[in-house]
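File shown: model-v6.cif (mmCIF, N, CA and C atoms).
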data_data
loop_
_atom_site.group_PDB
_atom_site.id
_atom_site.type_symbol
_atom_site.label_atom_id
_atom_site.label_comp_id
_atom_site.auth_asym_id
_atom_site.auth_seq_id
_atom_site.Cartn_x
_atom_site.Cartn_y
_atom_site.Cartn_z
ATOM 1 N N MET A 16 -8.994 -2.903 10.591
ATOM 2 C CA MET A 16 -8.446 -3.830 9.635
ATOM 3 C C MET A 16 -9.493 -4.875 9.299
ATOM 4 N N LYS A 17 -9.429 -5.339 8.069
ATOM 5 C CA LYS A 17 -10.381 -6.355 7.644
ATOM 6 C C LYS A 17 -9.685 -7.385 6.762
ATOM 7 N N ILE A 18 -10.346 -8.494 6.545
ATOM 8 C CA ILE A 18 -9.780 -9.578 5.754
ATOM 9 C C ILE A 18 -9.433 -9.062 4.360
ATOM 10 N N GLY A 19 -8.248 -9.449 3.901
ATOM 11 C CA GLY A 19 -7.778 -9.043 2.581
ATOM 12 C C GLY A 19 -6.875 -7.822 2.595
ATOM 13 N N ASP A 20 -6.761 -7.139 3.745
ATOM 14 C CA ASP A 20 -5.887 -5.978 3.838
ATOM 15 C C ASP A 20 -4.424 -6.400 3.760
ATOM 16 N N LEU A 21 -3.632 -5.586 3.097
ATOM 17 C CA LEU A 21 -2.198 -5.782 3.037
ATOM 18 C C LEU A 21 -1.589 -5.151 4.282
ATOM 19 N N VAL A 22 -0.795 -5.924 5.019
ATOM 20 C CA VAL A 22 -0.214 -5.443 6.272
ATOM 21 C C VAL A 22 1.294 -5.665 6.265
ATOM 22 N N LYS A 23 1.982 -4.932 7.131
ATOM 23 C CA LYS A 23 3.404 -5.178 7.351
ATOM 24 C C LYS A 23 3.622 -5.393 8.842
ATOM 25 N N SER A 24 4.625 -6.181 9.141
ATOM 26 C CA SER A 24 4.908 -6.479 10.541
ATOM 27 C C SER A 24 5.662 -5.321 11.176
ATOM 28 N N ILE A 25 5.364 -5.084 12.439
ATOM 29 C CA ILE A 25 6.115 -4.119 13.236
ATOM 30 C C ILE A 25 6.414 -4.774 14.572
ATOM 31 N N ASN A 26 7.473 -4.379 15.175
ATOM 32 C CA ASN A 26 7.814 -4.901 16.484
ATOM 33 C C ASN A 26 7.096 -4.066 17.527
ATOM 34 N N PRO A 27 6.340 -4.677 18.444
ATOM 35 C CA PRO A 27 5.606 -3.915 19.456
ATOM 36 C C PRO A 27 6.501 -3.034 20.327
ATOM 37 N N TRP A 28 7.784 -3.356 20.421
ATOM 38 C CA TRP A 28 8.710 -2.553 21.214
ATOM 39 C C TRP A 28 9.113 -1.271 20.502
ATOM 40 N N LYS A 29 8.778 -1.140 19.228
ATOM 41 C CA LYS A 29 9.159 0.044 18.456
ATOM 42 C C LYS A 29 8.590 1.327 19.059
ATOM 43 N N LYS A 30 7.395 1.259 19.649
ATOM 44 C CA LYS A 30 6.813 2.470 20.236
ATOM 45 C C LYS A 30 7.587 2.932 21.474
ATOM 46 N N TYR A 31 8.289 2.027 22.135
ATOM 47 C CA TYR A 31 9.101 2.392 23.289
ATOM 48 C C TYR A 31 10.541 2.744 22.897
ATOM 49 N N ASN A 32 11.008 2.174 21.792
ATOM 50 C CA ASN A 32 12.383 2.372 21.328
ATOM 51 C C ASN A 32 12.373 2.714 19.834
ATOM 52 N N PRO A 33 11.884 3.890 19.451
ATOM 53 C CA PRO A 33 11.735 4.199 18.024
ATOM 54 C C PRO A 33 13.054 4.282 17.256
ATOM 55 N N TRP A 34 14.169 4.437 17.940
ATOM 56 C CA TRP A 34 15.461 4.552 17.276
ATOM 57 C C TRP A 34 16.057 3.190 16.919
ATOM 58 N N MET A 35 15.509 2.118 17.474
ATOM 59 C CA MET A 35 16.074 0.784 17.241
ATOM 60 C C MET A 35 15.536 0.160 15.960
ATOM 61 N N ASP A 36 16.368 -0.617 15.309
ATOM 62 C CA ASP A 36 15.958 -1.394 14.141
ATOM 63 C C ASP A 36 15.761 -2.839 14.566
ATOM 64 N N PHE A 37 14.652 -3.412 14.149
ATOM 65 C CA PHE A 37 14.344 -4.795 14.478
ATOM 66 C C PHE A 37 14.346 -5.608 13.186
ATOM 67 N N PRO A 38 15.093 -6.708 13.135
ATOM 68 C CA PRO A 38 15.219 -7.465 11.879
ATOM 69 C C PRO A 38 13.928 -8.143 11.422
ATOM 70 N N ASP A 39 12.972 -8.347 12.319
ATOM 71 C CA ASP A 39 11.730 -9.028 11.943
ATOM 72 C C ASP A 39 10.670 -8.070 11.418
ATOM 73 N N GLU A 40 11.002 -6.798 11.276
ATOM 74 C CA GLU A 40 10.019 -5.827 10.802
ATOM 75 C C GLU A 40 9.944 -5.811 9.274
ATOM 76 N N ASN A 41 8.853 -5.244 8.800
ATOM 77 C CA ASN A 41 8.636 -4.952 7.390
ATOM 78 C C ASN A 41 8.385 -6.170 6.516
ATOM 79 N N SER A 42 8.011 -7.296 7.087
ATOM 80 C CA SER A 42 7.512 -8.407 6.279
ATOM 81 C C SER A 42 6.101 -8.029 5.824
ATOM 82 N N ILE A 43 5.773 -8.374 4.604
ATOM 83 C CA ILE A 43 4.477 -8.037 4.017
ATOM 84 C C ILE A 43 3.599 -9.284 4.026
ATOM 85 N N GLY A 44 2.297 -9.094 4.316
ATOM 86 C CA GLY A 44 1.372 -10.211 4.326
ATOM 87 C C GLY A 44 -0.055 -9.763 4.096
ATOM 88 N N VAL A 45 -0.956 -10.725 4.013
ATOM 89 C CA VAL A 45 -2.380 -10.478 3.798
ATOM 90 C C VAL A 45 -3.154 -11.051 4.975
ATOM 91 N N LEU A 46 -4.077 -10.258 5.515
ATOM 92 C CA LEU A 46 -4.913 -10.735 6.619
ATOM 93 C C LEU A 46 -5.893 -11.783 6.101
ATOM 94 N N VAL A 47 -5.926 -12.928 6.760
ATOM 95 C CA VAL A 47 -6.870 -13.976 6.374
ATOM 96 C C VAL A 47 -7.918 -14.235 7.453
ATOM 97 N N TYR A 48 -7.697 -13.712 8.663
ATOM 98 C CA TYR A 48 -8.673 -13.847 9.745
ATOM 99 C C TYR A 48 -8.495 -12.679 10.696
ATOM 100 N N VAL A 49 -9.599 -12.093 11.133
ATOM 101 C CA VAL A 49 -9.567 -11.005 12.105
ATOM 102 C C VAL A 49 -10.476 -11.385 13.265
ATOM 103 N N GLY A 50 -9.895 -11.570 14.445
ATOM 104 C CA GLY A 50 -10.651 -11.865 15.659
ATOM 105 C C GLY A 50 -10.556 -10.706 16.631
ATOM 106 N N ASP A 51 -11.056 -10.901 17.843
ATOM 107 C CA ASP A 51 -11.018 -9.841 18.844
ATOM 108 C C ASP A 51 -9.592 -9.498 19.258
ATOM 109 N N ASN A 52 -8.796 -10.499 19.596
ATOM 110 C CA ASN A 52 -7.432 -10.270 20.075
ATOM 111 C C ASN A 52 -6.384 -11.003 19.263
ATOM 112 N N VAL A 53 -6.760 -11.479 18.086
ATOM 113 C CA VAL A 53 -5.808 -12.218 17.257
ATOM 114 C C VAL A 53 -6.082 -11.944 15.782
ATOM 115 N N LEU A 54 -5.005 -11.909 15.032
ATOM 116 C CA LEU A 54 -5.084 -11.812 13.574
ATOM 117 C C LEU A 54 -4.312 -12.995 13.010
ATOM 118 N N ILE A 55 -4.767 -13.509 11.890
ATOM 119 C CA ILE A 55 -3.997 -14.528 11.185
ATOM 120 C C ILE A 55 -3.563 -13.915 9.867
ATOM 121 N N VAL A 56 -2.248 -13.942 9.652
ATOM 122 C CA VAL A 56 -1.650 -13.293 8.492
ATOM 123 C C VAL A 56 -0.919 -14.330 7.662
ATOM 124 N N GLN A 57 -1.144 -14.309 6.352
ATOM 125 C CA GLN A 57 -0.358 -15.117 5.422
ATOM 126 C C GLN A 57 0.795 -14.242 4.951
ATOM 127 N N TRP A 58 1.990 -14.517 5.474
ATOM 128 C CA TRP A 58 3.160 -13.727 5.125
ATOM 129 C C TRP A 58 3.671 -14.128 3.752
ATOM 130 N N ALA A 59 4.160 -13.175 2.999
ATOM 131 C CA ALA A 59 4.642 -13.429 1.643
ATOM 132 C C ALA A 59 5.902 -14.291 1.638
ATOM 133 N N ASP A 60 6.710 -14.194 2.681
ATOM 134 C CA ASP A 60 7.969 -14.933 2.707
ATOM 135 C C ASP A 60 7.903 -16.247 3.493
ATOM 136 N N LYS A 61 6.702 -16.670 3.890
ATOM 137 C CA LYS A 61 6.540 -17.917 4.636
ATOM 138 C C LYS A 61 5.451 -18.766 3.980
ATOM 139 N N SER A 62 5.537 -20.068 4.163
ATOM 140 C CA SER A 62 4.570 -20.952 3.514
ATOM 141 C C SER A 62 3.295 -21.161 4.321
ATOM 142 N N LYS A 63 3.321 -20.826 5.620
ATOM 143 C CA LYS A 63 2.147 -21.023 6.463
ATOM 144 C C LYS A 63 1.675 -19.692 7.024
ATOM 145 N N ALA A 64 0.378 -19.585 7.245
ATOM 146 C CA ALA A 64 -0.185 -18.405 7.903
ATOM 147 C C ALA A 64 0.140 -18.475 9.394
ATOM 148 N N GLU A 65 0.298 -17.320 10.008
ATOM 149 C CA GLU A 65 0.644 -17.268 11.430
ATOM 150 C C GLU A 65 -0.331 -16.390 12.185
ATOM 151 N N ALA A 66 -0.624 -16.792 13.420
ATOM 152 C CA ALA A 66 -1.436 -15.961 14.315
ATOM 153 C C ALA A 66 -0.530 -14.904 14.926
ATOM 154 N N THR A 67 -1.046 -13.699 15.059
ATOM 155 C CA THR A 67 -0.275 -12.605 15.632
ATOM 156 C C THR A 67 -1.200 -11.664 16.385
ATOM 157 N N GLU A 68 -0.632 -10.837 17.232
ATOM 158 C CA GLU A 68 -1.418 -9.859 17.979
ATOM 159 C C GLU A 68 -1.661 -8.632 17.111
ATOM 160 N N PRO A 69 -2.779 -7.948 17.319
ATOM 161 C CA PRO A 69 -3.094 -6.781 16.489
ATOM 162 C C PRO A 69 -2.075 -5.653 16.565
ATOM 163 N N ASP A 70 -1.352 -5.521 17.682
ATOM 164 C CA ASP A 70 -0.378 -4.434 17.766
ATOM 165 C C ASP A 70 0.969 -4.760 17.125
ATOM 166 N N SER A 71 1.090 -5.935 16.511
ATOM 167 C CA SER A 71 2.346 -6.281 15.850
ATOM 168 C C SER A 71 2.260 -6.166 14.329
ATOM 169 N N VAL A 72 1.149 -5.633 13.823
ATOM 170 C CA VAL A 72 1.024 -5.355 12.384
ATOM 171 C C VAL A 72 0.369 -3.988 12.193
ATOM 172 N N GLU A 73 0.616 -3.410 11.044
ATOM 173 C CA GLU A 73 -0.078 -2.167 10.673
ATOM 174 C C GLU A 73 -0.385 -2.238 9.187
ATOM 175 N N LEU A 74 -1.370 -1.461 8.770
ATOM 176 C CA LEU A 74 -1.745 -1.447 7.367
ATOM 177 C C LEU A 74 -0.569 -0.975 6.528
ATOM 178 N N TYR A 75 -0.345 -1.635 5.409
ATOM 179 C CA TYR A 75 0.778 -1.290 4.545
ATOM 180 C C TYR A 75 0.511 0.014 3.798
ATOM 181 N N ASN A 76 -0.715 0.188 3.321
ATOM 182 C CA ASN A 76 -1.066 1.391 2.589
ATOM 183 C C ASN A 76 -2.410 1.867 3.121
ATOM 184 N N GLU A 77 -2.404 2.855 3.986
ATOM 185 C CA GLU A 77 -3.627 3.311 4.628
ATOM 186 C C GLU A 77 -4.435 4.264 3.776
ATOM 187 N N SER A 78 -3.975 4.573 2.591
ATOM 188 C CA SER A 78 -4.675 5.563 1.764
ATOM 189 C C SER A 78 -5.853 4.998 1.002
ATOM 190 N N ARG A 79 -6.066 3.682 1.087
ATOM 191 C CA ARG A 79 -7.152 3.105 0.276
ATOM 192 C C ARG A 79 -8.514 3.306 0.841
#

Final structure tokens representation of the file:
Amino acid sequence: MKIGDLVKSINPWKKYNPWMDFPDENSIGVLVYVGDNVLIVQWADKSKAEATEPDSVELYNESR
């Protein structure tokens, strides 16, 4: 992942419980910072950017 990528949120527990629905999933955002163990994402539905772990987001469209 790199700065400017469109990402969506995923719940890290989804890999252990794939049948469960999590209400905080599928928010769309843009990566504004990529560090070793932290990403900062500007979410479309929030006014402030938030720090998050790399395993809690995935690329929205990986075909690019």

Checklist entry - Expressed in Å to a single decimal, how great is the separation between atom C of Lys29 (chain A) and atom N of Ala64 (chain A)? => result 25.4 Å

Anything within 7 Å of (-1.9, -10.8, 17.2): list those residues as a compact mmCIF listing (two decimals) with N, CA and C atoms, in the coordinates of the input, counting only N, CA and C atoms and sticking to the file's coordinates.
# COMPACT_ATOMS: atom_id res chain seq x y z
N ASN A 52 -8.80 -10.50 19.60
CA ASN A 52 -7.43 -10.27 20.08
C ASN A 52 -6.38 -11.00 19.26
N VAL A 53 -6.76 -11.48 18.09
CA VAL A 53 -5.81 -12.22 17.26
C VAL A 53 -6.08 -11.94 15.78
N LEU A 54 -5.00 -11.91 15.03
CA LEU A 54 -5.08 -11.81 13.57
C LEU A 54 -4.31 -13.00 13.01
N ILE A 55 -4.77 -13.51 11.89
CA ILE A 55 -4.00 -14.53 11.18
C ILE A 55 -3.56 -13.92 9.87
N ALA A 66 -0.62 -16.79 13.42
CA ALA A 66 -1.44 -15.96 14.32
C ALA A 66 -0.53 -14.90 14.93
N THR A 67 -1.05 -13.70 15.06
CA THR A 67 -0.28 -12.60 15.63
C THR A 67 -1.20 -11.66 16.39
N GLU A 68 -0.63 -10.84 17.23
CA GLU A 68 -1.42 -9.86 17.98
C GLU A 68 -1.66 -8.63 17.11
N PRO A 69 -2.78 -7.95 17.32
CA PRO A 69 -3.09 -6.78 16.49
C PRO A 69 -2.08 -5.65 16.57
N ASP A 70 -1.35 -5.52 17.68
CA ASP A 70 -0.38 -4.43 17.77
C ASP A 70 0.97 -4.76 17.12
N SER A 71 1.09 -5.94 16.51
CA SER A 71 2.35 -6.28 15.85
C SER A 71 2.26 -6.17 14.33
N VAL A 72 1.15 -5.63 13.82
CA VAL A 72 1.02 -5.36 12.38
C VAL A 72 0.37 -3.99 12.19

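For region 16-64 of chain A, backbone-based DSSP labels the following residues as strand (DSSP E or B): A:Leu21, A:Val22, A:Lys23, A:Ser24, A:Ile43, A:Gly44, A:Val45, A:Leu46, A:Val47, A:Tyr48, A:Val49, A:Leu54, A:Ile55, A:Val56, A:Gln57, A:Trp58, A:Ala64.
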
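Distance-wise, atom N of Leu46 (chain A) and atom C of Ile25 (chain A) end up 14.9 Å apart.
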
Checklist entry - Rounded to one decimal in Å, what is the spacing between CA of Pro38 (chain A) and CA of Asn76 (chain A)? => result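 One can read the CA of Pro38 (chain A) to CA of Asn76 (chain A) distance as 20.7 Å.
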
Checklist entry - For Asn41 (chain A), which residue among A:Tyr75, A:Val56, A:Trp28, A:Lys23 is the nearest when counting all atoms listed in the file? => result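 Of A:Tyr75, A:Val56, A:Trp28, A:Lys23, the one nearest Asn41 (chain A) is A:Lys23, counting all atoms listed in the file.
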
Checklist entry - Hey, what's within 8 Å of Ile43 (chain A) if we count only C-alpha atoms and toss same-chain stuff fewer than 6 positions away? As a PyMOL selection string, please? => result chain A and resi 21-24+58-60+75

Item to check | Closest of A:Lys30, A:Lys61, A:Leu74, A:Tyr48 to Ile18 (chain A) - atom-to-atom distances counting only C-alpha atoms | outcome: A:Tyr48

What are the centre and the three edge lengths of an axis-aligned box that wraps all atoms of region 50-68 of chain A in the file, given that 5 Å is added to every side, written as JSON and rounded to one decimal in Å?
{"center_x": -1.5, "center_y": -14.9, "center_z": 10.9, "size_x": 29.0, "size_y": 22.5, "size_z": 28.4}

Item to check | Using all atoms listed in the file: which of A:Pro27, A:Lys63, A:Gln57, A:Asn32 has the shortest distance to Val45 (chain A) | outcome: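 Using all atoms listed in the file, the shortest distance to Val45 (chain A) belongs to A:Gln57.
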
Next on the checklist: Given only N, CA and C atoms as the basis, pick out the residue of A:Asn26, A:Lys17, A:Pro33, A:Ser62 nearest to Val47 (chain A).
Outcome noted: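 So, comparing all the options, the nearest one is A:Lys17.
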
Next on the checklist: I need the residues of chain A that end up classed as helix (DSSP H, G or I) by DSSP on the backbone, written out as a PyMOL selection string.
Outcome noted: chain A and resi 27-30+69-71
